Amino acid sequence: MSAMERLLDFAERTRLIETEDRAYARNCLLEAMRLDAPEENANAEAPLGDTMTEALNALCDDAVRRGVINDTGESRDLFSAKLAGCVTPSPYEVRARFFEKYRRSPEKATKWFYQMCRDADYIKVDRIRKNARFFAEGLEITINLSKPEKDPRDIANALKSKAAGYPKCMLCVENPGYAGRPGFPARQNHRMIPLNLNGESWHMQYSPYLYYNEHCIVLSDIHRPMAISEAGFRRLFAFVEQFPHYFLGSNADLPIVGGSILTHDHFQGGNYEFPMDRAGDEIALTADDPAIRASIVDWPMSCLRLKSTDAETLVRKAVQVLNAWRGYSDEALGVYAETDQKHNTITPILRRAGGEWKLDLVLRNNRTSAENPLGIFHPHADLHHIKKENIGLIEVMGLMILPGRLLTELKDVEAYLTGERALTDVPAADAPLARHWDWTRELVSRFGSANTPEQATEIIHKGLGEKCRRVLADAGVYKQTPEGREGFVRFLNTCGFDRA
């Protein structure tokens, strides 16, 4: 059976298309492949997998052989999305099926939409499976391979191509159906669900390289900068009211402590429990409003947890905390609200828990110094061999996303722990292992060099967990020390809280 027919079989089996529409979908694929008729193929039927990736790859191989596309990662990705789009339900059909299911259950609706995005290859299931994932030191850690590395030829093409300015960014509502271009992904198999959040038009989609179960993005229809505000808090509640099985949170709205896209107002959510959700109370607090239960969370970052059955009460208190924090400085602990720019903001996270609203407010500060030019409350330089990027919403909650390069680099570290390489075998200064050399020697001094491969892997996982907890501690404005916690309580006193 040809790859095209296998793709059509998969689309039928997963109800991306109906049997009646198979000929139409085949003709769309023929046009994309620049073929006049299906190719005859007498090969034995290959069993269908649980994704369309194998069939798409085979079609891309054929397109490369016939000169339809270039043999680069980006060209293949652009073409795969075009092919997948031929068998993806139309935006109208997706909306109709979603809201038909939503009338029965919000959970049924999101479950269906999530699976449809996986089946249509918008969510890159096969690439995500390559990611390493484990738990260590109370954190969840993923080494991410799912985002493809750029081919130098693709980078050159992107530089040569004229910036279209459309869509303005990868979160804009104009993305579904877009063919892509060098440096900008194709989105023919991308679908969104329209939402009304407090009278404003927003949309929900899933992340193509999701980091956790049902990792969704909720984005404004207007291309405008991120903003933590009263209106933003109200949108959190409006969304979770409609999808009570999902949490929703926001990256901070300042560089360094914000996420990777600050130019488009958006949230991230999903059906997942994070390590921070399982963290208990470190300091119980009283609030000036008896409808609120409050605590400082036992967590390396500075998290105030508010619980109440009344949403409006929590919105008012969140606004009070945000406004107070925006202007608050504590020179004794190196906290400055403003120097040449404003530094204080908040990462908010909302979910339903046991019949209550649970709102976590994580304090952030993006000030830099000569000693820490990438950020004082950011992973410090000795951690950059593991984690250098911004600490956004997902990491704040304890899911640490580490770069894919570590999978190969840490294999070299394991070699010293098993004795395959001796510490006298010093890596060259320009070798990738050089950045891990101090840490390698430390691990060998602690655990020796006669470990089994399994033990070496366990040692490295534990070591990564220790490093990642330090990443969060560096990013925490108020440290988990007596002085840090006193400072945290001092600030909270200005917002109507005190120790219980």
# chains A, B, ... in the order shown; residues from 1 in each chain; ligands from 1
$ residues_around --residues "His203 of chain A" --least-positions-apart "3" --cutoff "8 Å" --atoms "only C-alpha atoms" --output "number ranges by chain"
A: 173, 192-195, 218-221
$ residues_around --residues "Val297 of chain A" --least-positions-apart "3" --cutoff "10 Å" --atoms "only C-alpha atoms" --output "PyMOL selection string"
chain A and resi 276-284+294+300-305+360+362
$ select_by_dssp --residues "segment 422-488 of chain A" --states "helix (DSSP H, G or I)" --output "PyMOL selection string"
chain A and resi 432-447+453-475+482-488
$ write_last_selection --atoms "N, CA and C atoms" --output "short mmCIF file (atom, residue, chain, number, x, y, z; two decimals), in the first residue's frame"
data_model
loop_
_atom_site.label_atom_id
_atom_site.label_comp_id
_atom_site.auth_asym_id
_atom_site.auth_seq_id
_atom_site.Cartn_x
_atom_site.Cartn_y
_atom_site.Cartn_z
N PRO A 432 32.22 20.41 24.10
CA PRO A 432 30.98 20.61 24.86
C PRO A 432 31.11 20.17 26.32
N LEU A 433 31.90 19.11 26.57
CA LEU A 433 32.06 18.62 27.93
C LEU A 433 32.75 19.62 28.84
N ALA A 434 33.52 20.54 28.26
CA ALA A 434 34.28 21.50 29.08
C ALA A 434 33.36 22.31 29.98
N ARG A 435 32.16 22.64 29.49
CA ARG A 435 31.25 23.43 30.32
C ARG A 435 30.77 22.66 31.54
N HIS A 436 30.84 21.33 31.48
CA HIS A 436 30.40 20.49 32.61
C HIS A 436 31.58 19.97 33.44
N TRP A 437 32.79 20.42 33.16
CA TRP A 437 33.96 19.78 33.75
C TRP A 437 34.02 19.92 35.27
N ASP A 438 33.77 21.11 35.79
CA ASP A 438 33.79 21.30 37.25
C ASP A 438 32.76 20.39 37.92
N TRP A 439 31.58 20.31 37.31
CA TRP A 439 30.50 19.48 37.87
C TRP A 439 30.88 18.00 37.78
N THR A 440 31.50 17.61 36.68
CA THR A 440 31.93 16.21 36.51
C THR A 440 32.89 15.81 37.62
N ARG A 441 33.87 16.65 37.87
CA ARG A 441 34.85 16.33 38.93
C ARG A 441 34.17 16.28 40.30
N GLU A 442 33.22 17.15 40.51
CA GLU A 442 32.49 17.14 41.79
C GLU A 442 31.72 15.83 41.95
N LEU A 443 31.03 15.38 40.90
CA LEU A 443 30.26 14.14 40.98
C LEU A 443 31.16 12.93 41.21
N VAL A 444 32.30 12.90 40.53
CA VAL A 444 33.24 11.78 40.72
C VAL A 444 33.78 11.79 42.14
N SER A 445 34.05 12.97 42.69
CA SER A 445 34.57 13.04 44.06
C SER A 445 33.52 12.55 45.06
N ARG A 446 32.24 12.75 44.75
CA ARG A 446 31.16 12.34 45.67
C ARG A 446 30.81 10.87 45.51
N PHE A 447 30.78 10.39 44.27
CA PHE A 447 30.21 9.06 44.00
C PHE A 447 31.22 8.07 43.42
N PRO A 453 26.44 1.65 34.61
CA PRO A 453 25.76 2.66 33.78
C PRO A 453 24.44 3.12 34.38
N GLU A 454 23.69 2.19 34.98
CA GLU A 454 22.41 2.55 35.60
C GLU A 454 22.63 3.47 36.79
N GLN A 455 23.63 3.16 37.61
CA GLN A 455 23.94 4.02 38.75
C GLN A 455 24.41 5.40 38.30
N ALA A 456 25.21 5.44 37.23
CA ALA A 456 25.70 6.72 36.72
C ALA A 456 24.55 7.60 36.25
N THR A 457 23.58 6.98 35.57
CA THR A 457 22.40 7.73 35.12
C THR A 457 21.62 8.28 36.31
N GLU A 458 21.46 7.44 37.34
CA GLU A 458 20.74 7.87 38.55
C GLU A 458 21.47 9.02 39.24
N ILE A 459 22.79 8.95 39.30
CA ILE A 459 23.59 10.01 39.91
C ILE A 459 23.41 11.32 39.14
N ILE A 460 23.43 11.24 37.82
CA ILE A 460 23.28 12.46 37.01
C ILE A 460 21.87 13.03 37.16
N HIS A 461 20.87 12.17 37.20
CA HIS A 461 19.50 12.66 37.40
C HIS A 461 19.38 13.38 38.74
N LYS A 462 19.93 12.78 39.78
CA LYS A 462 19.89 13.41 41.09
C LYS A 462 20.65 14.75 41.05
N GLY A 463 21.80 14.74 40.38
CA GLY A 463 22.58 15.97 40.27
C GLY A 463 21.84 17.06 39.51
N LEU A 464 21.13 16.67 38.45
CA LEU A 464 20.33 17.64 37.70
C LEU A 464 19.21 18.19 38.58
N GLY A 465 18.60 17.31 39.39
CA GLY A 465 17.56 17.78 40.31
C GLY A 465 18.10 18.81 41.29
N GLU A 466 19.29 18.57 41.82
CA GLU A 466 19.91 19.53 42.74
C GLU A 466 20.18 20.85 42.03
N LYS A 467 20.71 20.77 40.81
CA LYS A 467 20.97 21.98 40.03
C LYS A 467 19.67 22.76 39.77
N CYS A 468 18.61 22.03 39.41
CA CYS A 468 17.35 22.69 39.08
C CYS A 468 16.70 23.33 40.31
N ARG A 469 16.85 22.71 41.47
CA ARG A 469 16.33 23.36 42.68
C ARG A 469 17.10 24.66 42.94
N ARG A 470 18.40 24.64 42.64
CA ARG A 470 19.18 25.87 42.79
C ARG A 470 18.76 26.92 41.77
N VAL A 471 18.39 26.47 40.56
CA VAL A 471 17.85 27.41 39.56
C VAL A 471 16.65 28.15 40.13
N LEU A 472 15.72 27.39 40.72
CA LEU A 472 14.52 28.01 41.29
C LEU A 472 14.88 28.89 42.48
N ALA A 473 15.83 28.45 43.29
CA ALA A 473 16.25 29.27 44.44
C ALA A 473 16.87 30.58 43.97
N ASP A 474 17.69 30.52 42.92
CA ASP A 474 18.26 31.76 42.38
C ASP A 474 17.16 32.69 41.88
N ALA A 475 16.12 32.12 41.28
CA ALA A 475 15.04 32.93 40.72
C ALA A 475 14.07 33.43 41.79
N PRO A 482 15.73 32.25 57.12
CA PRO A 482 14.98 33.07 58.09
C PRO A 482 14.88 34.53 57.64
N GLU A 483 15.99 35.08 57.11
CA GLU A 483 15.97 36.48 56.67
C GLU A 483 15.05 36.66 55.47
N GLY A 484 15.11 35.69 54.54
CA GLY A 484 14.28 35.79 53.35
C GLY A 484 12.80 35.69 53.68
N ARG A 485 12.46 34.76 54.56
CA ARG A 485 11.04 34.60 54.91
C ARG A 485 10.53 35.79 55.73
N GLU A 486 11.38 36.35 56.57
CA GLU A 486 10.97 37.57 57.30
C GLU A 486 10.71 38.70 56.32
N GLY A 487 11.57 38.80 55.30
CA GLY A 487 11.36 39.82 54.28
C GLY A 487 10.06 39.62 53.52
N PHE A 488 9.74 38.35 53.20
CA PHE A 488 8.51 38.03 52.50
C PHE A 488 7.30 38.44 53.34
#
$ residues_around --residues "Asp61 of chain A" --least-positions-apart "2" --cutoff "12 Å" --atoms "only C-alpha atoms" --output "mmCIF file with all heavy atoms, in the first residue's frame"
data_model
loop_
_atom_site.group_PDB
_atom_site.id
_atom_site.type_symbol
_atom_site.label_atom_id
_atom_site.label_comp_id
_atom_site.auth_asym_id
_atom_site.auth_seq_id
_atom_site.Cartn_x
_atom_site.Cartn_y
_atom_site.Cartn_z
ATOM 1 N N ALA A 3 2.204 5.126 0.651
ATOM 2 C CA ALA A 3 2.177 5.994 1.842
ATOM 3 C C ALA A 3 0.942 6.880 1.826
ATOM 4 O O ALA A 3 0.358 7.170 2.878
ATOM 5 C CB ALA A 3 3.456 6.835 1.888
ATOM 6 N N MET A 33 1.494 16.886 -3.793
ATOM 7 C CA MET A 33 2.641 16.079 -4.218
ATOM 8 C C MET A 33 3.024 16.312 -5.683
ATOM 9 O O MET A 33 3.998 15.752 -6.170
ATOM 10 C CB MET A 33 2.325 14.590 -4.016
ATOM 11 C CG MET A 33 2.166 14.164 -2.566
ATOM 12 S SD MET A 33 3.710 14.196 -1.647
ATOM 13 C CE MET A 33 4.641 12.903 -2.450
ATOM 14 N N GLU A 54 4.834 8.300 10.142
ATOM 15 C CA GLU A 54 5.539 7.418 9.215
ATOM 16 C C GLU A 54 5.099 7.672 7.781
ATOM 17 O O GLU A 54 5.932 7.757 6.855
ATOM 18 C CB GLU A 54 5.312 5.962 9.622
ATOM 19 C CG GLU A 54 6.027 4.936 8.740
ATOM 20 C CD GLU A 54 5.226 4.545 7.497
ATOM 21 O OE1 GLU A 54 3.979 4.624 7.543
ATOM 22 O OE2 GLU A 54 5.865 4.189 6.486
ATOM 23 N N ALA A 55 3.811 7.831 7.565
ATOM 24 C CA ALA A 55 3.297 8.082 6.220
ATOM 25 C C ALA A 55 3.746 9.448 5.707
ATOM 26 O O ALA A 55 4.118 9.591 4.540
ATOM 27 C CB ALA A 55 1.774 7.979 6.211
ATOM 28 N N LEU A 56 3.710 10.450 6.570
ATOM 29 C CA LEU A 56 4.162 11.787 6.168
ATOM 30 C C LEU A 56 5.642 11.775 5.793
ATOM 31 O O LEU A 56 6.050 12.394 4.805
ATOM 32 C CB LEU A 56 3.915 12.792 7.295
ATOM 33 C CG LEU A 56 2.461 13.153 7.593
ATOM 34 C CD1 LEU A 56 2.379 14.052 8.819
ATOM 35 C CD2 LEU A 56 1.811 13.838 6.394
ATOM 36 N N ASN A 57 6.447 11.080 6.597
ATOM 37 C CA ASN A 57 7.881 11.006 6.296
ATOM 38 C C ASN A 57 8.131 10.343 4.941
ATOM 39 O O ASN A 57 8.989 10.779 4.164
ATOM 40 C CB ASN A 57 8.621 10.238 7.396
ATOM 41 C CG ASN A 57 8.729 11.044 8.682
ATOM 42 O OD1 ASN A 57 8.551 12.260 8.692
ATOM 43 N ND2 ASN A 57 9.025 10.363 9.773
ATOM 44 N N ALA A 58 7.372 9.274 4.661
ATOM 45 C CA ALA A 58 7.537 8.578 3.387
ATOM 46 C C ALA A 58 7.146 9.473 2.215
ATOM 47 O O ALA A 58 7.811 9.489 1.169
ATOM 48 C CB ALA A 58 6.698 7.293 3.375
ATOM 49 N N LEU A 59 6.081 10.252 2.373
ATOM 50 C CA LEU A 59 5.670 11.177 1.317
ATOM 51 C C LEU A 59 6.702 12.290 1.128
ATOM 52 O O LEU A 59 6.973 12.711 -0.002
ATOM 53 C CB LEU A 59 4.291 11.754 1.637
ATOM 54 C CG LEU A 59 3.121 10.769 1.531
ATOM 55 C CD1 LEU A 59 1.844 11.373 2.087
ATOM 56 C CD2 LEU A 59 2.909 10.334 0.075
ATOM 57 N N ALA A 63 8.816 13.286 -2.181
ATOM 58 C CA ALA A 63 8.843 14.666 -2.685
ATOM 59 C C ALA A 63 10.276 15.159 -2.855
ATOM 60 O O ALA A 63 10.578 15.895 -3.801
ATOM 61 C CB ALA A 63 8.062 15.576 -1.740
ATOM 62 N N VAL A 64 11.159 14.745 -1.967
ATOM 63 C CA VAL A 64 12.580 15.120 -2.093
ATOM 64 C C VAL A 64 13.177 14.469 -3.331
ATOM 65 O O VAL A 64 13.880 15.110 -4.132
ATOM 66 C CB VAL A 64 13.364 14.703 -0.823
ATOM 67 C CG1 VAL A 64 14.867 14.789 -1.070
ATOM 68 C CG2 VAL A 64 12.978 15.597 0.355
ATOM 69 N N ARG A 65 12.898 13.172 -3.520
ATOM 70 C CA ARG A 65 13.460 12.440 -4.667
ATOM 71 C C ARG A 65 13.037 13.070 -5.994
ATOM 72 O O ARG A 65 13.810 13.118 -6.949
ATOM 73 C CB ARG A 65 13.019 10.970 -4.635
ATOM 74 C CG ARG A 65 13.793 10.105 -3.665
ATOM 75 C CD ARG A 65 13.513 8.629 -3.902
ATOM 76 N NE ARG A 65 12.105 8.287 -3.702
ATOM 77 C CZ ARG A 65 11.588 7.896 -2.549
ATOM 78 N NH1 ARG A 65 12.351 7.831 -1.471
ATOM 79 N NH2 ARG A 65 10.304 7.596 -2.458
ATOM 80 N N ARG A 66 11.801 13.560 -6.043
ATOM 81 C CA ARG A 66 11.289 14.123 -7.292
ATOM 82 C C ARG A 66 11.529 15.631 -7.407
ATOM 83 O O ARG A 66 11.053 16.269 -8.339
ATOM 84 C CB ARG A 66 9.793 13.804 -7.426
ATOM 85 C CG ARG A 66 9.517 12.312 -7.595
ATOM 86 C CD ARG A 66 8.056 12.011 -7.880
ATOM 87 N NE ARG A 66 7.170 12.368 -6.773
ATOM 88 C CZ ARG A 66 6.363 13.411 -6.763
ATOM 89 N NH1 ARG A 66 6.304 14.235 -7.800
ATOM 90 N NH2 ARG A 66 5.584 13.663 -5.718
ATOM 91 N N GLY A 67 12.232 16.211 -6.435
ATOM 92 C CA GLY A 67 12.572 17.624 -6.512
ATOM 93 C C GLY A 67 11.431 18.569 -6.161
ATOM 94 O O GLY A 67 11.512 19.771 -6.461
ATOM 95 N N VAL A 68 10.396 18.052 -5.514
ATOM 96 C CA VAL A 68 9.271 18.909 -5.122
ATOM 97 C C VAL A 68 9.672 19.823 -3.966
ATOM 98 O O VAL A 68 9.268 20.986 -3.896
ATOM 99 C CB VAL A 68 8.044 18.052 -4.740
ATOM 100 C CG1 VAL A 68 6.898 18.923 -4.227
ATOM 101 C CG2 VAL A 68 7.590 17.226 -5.929
ATOM 102 N N ILE A 69 10.480 19.298 -3.045
ATOM 103 C CA ILE A 69 10.962 20.078 -1.907
ATOM 104 C C ILE A 69 12.454 19.836 -1.729
ATOM 105 O O ILE A 69 13.000 18.860 -2.248
ATOM 106 C CB ILE A 69 10.220 19.717 -0.583
ATOM 107 C CG1 ILE A 69 10.469 18.243 -0.205
ATOM 108 C CG2 ILE A 69 8.736 20.014 -0.689
ATOM 109 C CD1 ILE A 69 9.954 17.873 1.188
ATOM 110 N N ASN A 70 13.085 20.738 -0.981
ATOM 111 C CA ASN A 70 14.491 20.555 -0.634
ATOM 112 C C ASN A 70 14.616 19.574 0.535
ATOM 113 O O ASN A 70 13.689 19.436 1.338
ATOM 114 C CB ASN A 70 15.123 21.889 -0.250
ATOM 115 C CG ASN A 70 15.183 22.848 -1.416
ATOM 116 O OD1 ASN A 70 15.421 22.434 -2.555
ATOM 117 N ND2 ASN A 70 14.969 24.132 -1.158
ATOM 118 N N ASP A 71 15.764 18.952 0.641
ATOM 119 C CA ASP A 71 15.979 17.977 1.705
ATOM 120 C C ASP A 71 16.574 18.651 2.940
ATOM 121 O O ASP A 71 17.714 18.411 3.326
ATOM 122 C CB ASP A 71 16.904 16.860 1.219
ATOM 123 C CG ASP A 71 16.935 15.683 2.191
ATOM 124 O OD1 ASP A 71 16.070 15.638 3.084
ATOM 125 O OD2 ASP A 71 17.815 14.820 2.036
ATOM 126 N N THR A 72 15.797 19.537 3.568
ATOM 127 C CA THR A 72 16.192 20.153 4.835
ATOM 128 C C THR A 72 15.070 19.932 5.838
ATOM 129 O O THR A 72 13.916 19.680 5.464
ATOM 130 C CB THR A 72 16.450 21.664 4.699
ATOM 131 O OG1 THR A 72 15.195 22.352 4.471
ATOM 132 C CG2 THR A 72 17.426 21.972 3.566
ATOM 133 N N GLY A 73 15.419 20.058 7.113
ATOM 134 C CA GLY A 73 14.416 19.859 8.151
ATOM 135 C C GLY A 73 13.250 20.815 8.019
ATOM 136 O O GLY A 73 12.085 20.428 8.157
ATOM 137 N N SER A 75 12.187 22.468 5.279
ATOM 138 C CA SER A 75 11.384 22.177 4.086
ATOM 139 C C SER A 75 10.463 20.992 4.333
ATOM 140 O O SER A 75 9.291 20.997 3.928
ATOM 141 C CB SER A 75 12.296 21.884 2.895
ATOM 142 O OG SER A 75 13.008 23.034 2.514
ATOM 143 N N ARG A 76 10.976 19.974 5.005
ATOM 144 C CA ARG A 76 10.151 18.809 5.317
ATOM 145 C C ARG A 76 9.012 19.179 6.277
ATOM 146 O O ARG A 76 7.877 18.713 6.106
ATOM 147 C CB ARG A 76 11.008 17.697 5.915
ATOM 148 C CG ARG A 76 11.881 16.958 4.885
ATOM 149 C CD ARG A 76 12.856 15.999 5.566
ATOM 150 N NE ARG A 76 13.542 15.153 4.604
ATOM 151 C CZ ARG A 76 13.130 13.960 4.185
ATOM 152 N NH1 ARG A 76 11.998 13.456 4.676
ATOM 153 N NH2 ARG A 76 13.815 13.259 3.320
ATOM 154 N N ASP A 77 9.319 19.987 7.283
ATOM 155 C CA ASP A 77 8.280 20.387 8.231
ATOM 156 C C ASP A 77 7.175 21.188 7.544
ATOM 157 O O ASP A 77 5.981 20.987 7.795
ATOM 158 C CB ASP A 77 8.881 21.208 9.366
ATOM 159 C CG ASP A 77 9.559 20.343 10.420
ATOM 160 O OD1 ASP A 77 9.402 19.108 10.357
ATOM 161 O OD2 ASP A 77 10.238 20.903 11.305
ATOM 162 N N PHE A 79 6.333 21.062 4.415
ATOM 163 C CA PHE A 79 5.580 20.191 3.515
ATOM 164 C C PHE A 79 4.707 19.212 4.290
ATOM 165 O O PHE A 79 3.567 18.927 3.886
ATOM 166 C CB PHE A 79 6.549 19.446 2.602
ATOM 167 C CG PHE A 79 5.891 18.815 1.405
ATOM 168 C CD1 PHE A 79 5.274 19.594 0.441
ATOM 169 C CD2 PHE A 79 5.892 17.430 1.243
ATOM 170 C CE1 PHE A 79 4.659 19.013 -0.670
ATOM 171 C CE2 PHE A 79 5.279 16.840 0.142
ATOM 172 C CZ PHE A 79 4.670 17.631 -0.817
ATOM 173 N N SER A 80 5.202 18.701 5.422
ATOM 174 C CA SER A 80 4.398 17.778 6.243
ATOM 175 C C SER A 80 3.106 18.438 6.704
ATOM 176 O O SER A 80 2.037 17.814 6.706
ATOM 177 C CB SER A 80 5.204 17.317 7.460
ATOM 178 O OG SER A 80 6.143 16.336 7.117
#
$ select_by_dssp --residues "segment 327-454 of chain A" --states "strand (DSSP E)" --output "JSON, numbers by chain"
{"A": [344, 345, 346, 347, 348, 349, 350, 351, 352, 353, 356, 357, 358, 359, 360, 361, 362, 363, 364, 365, 399, 400, 401, 402, 403]}
$ residues_around --residues "Arg118 of chain A" --least-positions-apart "5" --cutoff "12 Å" --atoms "only C-alpha atoms" --output "PyMOL selection string"
chain A and resi 11+14+16+50-53+84+88+111-113+123-128+189-191+205-210+213-215
$ residues_around --residues "Gln320 of chain A" --least-positions-apart "6" --cutoff "10 Å" --atoms "only C-alpha atoms" --output "JSON, numbers by chain"
{"A": [230, 314, 494, 495, 496]}
$ write_last_selection --atoms "N, CA, C and O atoms" --output "mmCIF file, in the first residue's frame"
data_model
loop_
_atom_site.group_PDB
_atom_site.id
_atom_site.type_symbol
_atom_site.label_atom_id
_atom_site.label_comp_id
_atom_site.auth_asym_id
_atom_site.auth_seq_id
_atom_site.Cartn_x
_atom_site.Cartn_y
_atom_site.Cartn_z
ATOM 1 N N GLU A 230 -5.492 43.662 36.524
ATOM 2 C CA GLU A 230 -6.790 43.216 37.025
ATOM 3 C C GLU A 230 -7.572 42.502 35.923
ATOM 4 O O GLU A 230 -8.184 41.459 36.161
ATOM 5 N N LEU A 314 -10.954 37.069 45.609
ATOM 6 C CA LEU A 314 -9.581 36.768 45.228
ATOM 7 C C LEU A 314 -9.059 37.754 44.191
ATOM 8 O O LEU A 314 -7.881 38.127 44.227
ATOM 9 N N THR A 494 2.095 44.590 54.176
ATOM 10 C CA THR A 494 1.575 45.797 53.486
ATOM 11 C C THR A 494 0.309 45.491 52.702
ATOM 12 O O THR A 494 -0.344 46.426 52.221
ATOM 13 N N CYS A 495 -0.023 44.218 52.564
ATOM 14 C CA CYS A 495 -1.203 43.815 51.772
ATOM 15 C C CYS A 495 -2.309 43.209 52.641
ATOM 16 O O CYS A 495 -3.232 42.564 52.115
ATOM 17 N N GLY A 496 -2.195 43.339 53.954
ATOM 18 C CA GLY A 496 -3.237 42.821 54.827
ATOM 19 C C GLY A 496 -3.050 41.412 55.309
ATOM 20 O O GLY A 496 -3.999 40.772 55.781
#
$ residues_around --residues "segment 22-26 of chain A" --least-positions-apart "5" --cutoff "10 Å" --atoms "only C-alpha atoms" --output "PyMOL selection string"
chain A and resi 4-5+7-9+11-12+17+31-32+37-38+83+85-88
$ closest_residue --among "A:Tyr178, A:Ser295, A:Gly258, A:Thr309" --to "Phe237 of chain A" --atoms "only C-alpha atoms"
A:Thr309
$ atom_distance --atom1 "atom CA of Trp325 of chain A" --atom2 "atom CA of Phe491 of chain A"
7.9 Å
$ closest_residue --among "A:Leu350, A:Leu393, A:Leu145, A:Ile222" --to "Pro244 of chain A" --atoms "only C-alpha atoms"
A:Leu350
$ closest_residue --among "A:Leu285, A:Asp62, A:Thr263, A:Pro89" --to "Glu18 of chain A" --atoms "only C-alpha atoms"
A:Pro89
$ closest_residue --among "A:Leu322, A:Leu248, A:Leu492, A:Ala291" --to "Ile394 of chain A" --atoms "only C-alpha atoms"
A:Leu248
$ residues_around --residues "Leu262 of chain A" --least-positions-apart "3" --cutoff "12 Å" --atoms "only C-alpha atoms" --output "ChimeraX atom specification"
/A:169-171,219,223-228,250-259,265-267,390,392
$ atom_distance --atom1 "atom CA of Phe98 of chain A" --atom2 "atom CA of Arg235 of chain A"
20.9 Å
$ atom_distance --atom1 "atom CA of Glu20 of chain A" --atom2 "atom CA of Lys108 of chain A"
25.9 Å
$ closest_residue --among "A:Ala311, A:Ala428, A:Val396, A:Ala186" --to "Ala238 of chain A" --atoms "only C-alpha atoms"
A:Ala311
$ decode --residues "segment 431-435 of chain A" --atoms "all heavy atoms" --output "mmCIF file, in the first residue's frame"
data_model
loop_
_atom_site.group_PDB
_atom_site.id
_atom_site.type_symbol
_atom_site.label_atom_id
_atom_site.label_comp_id
_atom_site.auth_asym_id
_atom_site.auth_seq_id
_atom_site.Cartn_x
_atom_site.Cartn_y
_atom_site.Cartn_z
ATOM 1 N N ALA A 431 35.522 21.840 23.775
ATOM 2 C CA ALA A 431 34.644 20.668 23.726
ATOM 3 C C ALA A 431 33.373 20.939 24.533
ATOM 4 O O ALA A 431 33.415 21.625 25.563
ATOM 5 C CB ALA A 431 35.361 19.445 24.278
ATOM 6 N N PRO A 432 32.216 20.411 24.097
ATOM 7 C CA PRO A 432 30.982 20.613 24.863
ATOM 8 C C PRO A 432 31.109 20.171 26.316
ATOM 9 O O PRO A 432 30.517 20.780 27.209
ATOM 10 C CB PRO A 432 29.956 19.754 24.109
ATOM 11 C CG PRO A 432 30.472 19.701 22.708
ATOM 12 C CD PRO A 432 31.968 19.675 22.838
ATOM 13 N N LEU A 433 31.900 19.114 26.567
ATOM 14 C CA LEU A 433 32.057 18.619 27.931
ATOM 15 C C LEU A 433 32.749 19.622 28.837
ATOM 16 O O LEU A 433 32.570 19.586 30.065
ATOM 17 C CB LEU A 433 32.836 17.303 27.918
ATOM 18 C CG LEU A 433 33.091 16.640 29.275
ATOM 19 C CD1 LEU A 433 31.779 16.316 29.980
ATOM 20 C CD2 LEU A 433 33.927 15.382 29.102
ATOM 21 N N ALA A 434 33.520 20.543 28.259
ATOM 22 C CA ALA A 434 34.278 21.499 29.077
ATOM 23 C C ALA A 434 33.363 22.306 29.982
ATOM 24 O O ALA A 434 33.730 22.626 31.116
ATOM 25 C CB ALA A 434 35.098 22.420 28.175
ATOM 26 N N ARG A 435 32.162 22.637 29.491
ATOM 27 C CA ARG A 435 31.246 23.431 30.316
ATOM 28 C C ARG A 435 30.774 22.658 31.542
ATOM 29 O O ARG A 435 30.324 23.259 32.524
ATOM 30 C CB ARG A 435 30.065 23.933 29.487
ATOM 31 C CG ARG A 435 29.171 22.851 28.927
ATOM 32 C CD ARG A 435 27.859 23.414 28.363
ATOM 33 N NE ARG A 435 28.048 24.237 27.206
ATOM 34 C CZ ARG A 435 27.852 23.842 25.940
ATOM 35 N NH1 ARG A 435 27.501 22.579 25.704
ATOM 36 N NH2 ARG A 435 28.017 24.658 24.942
#
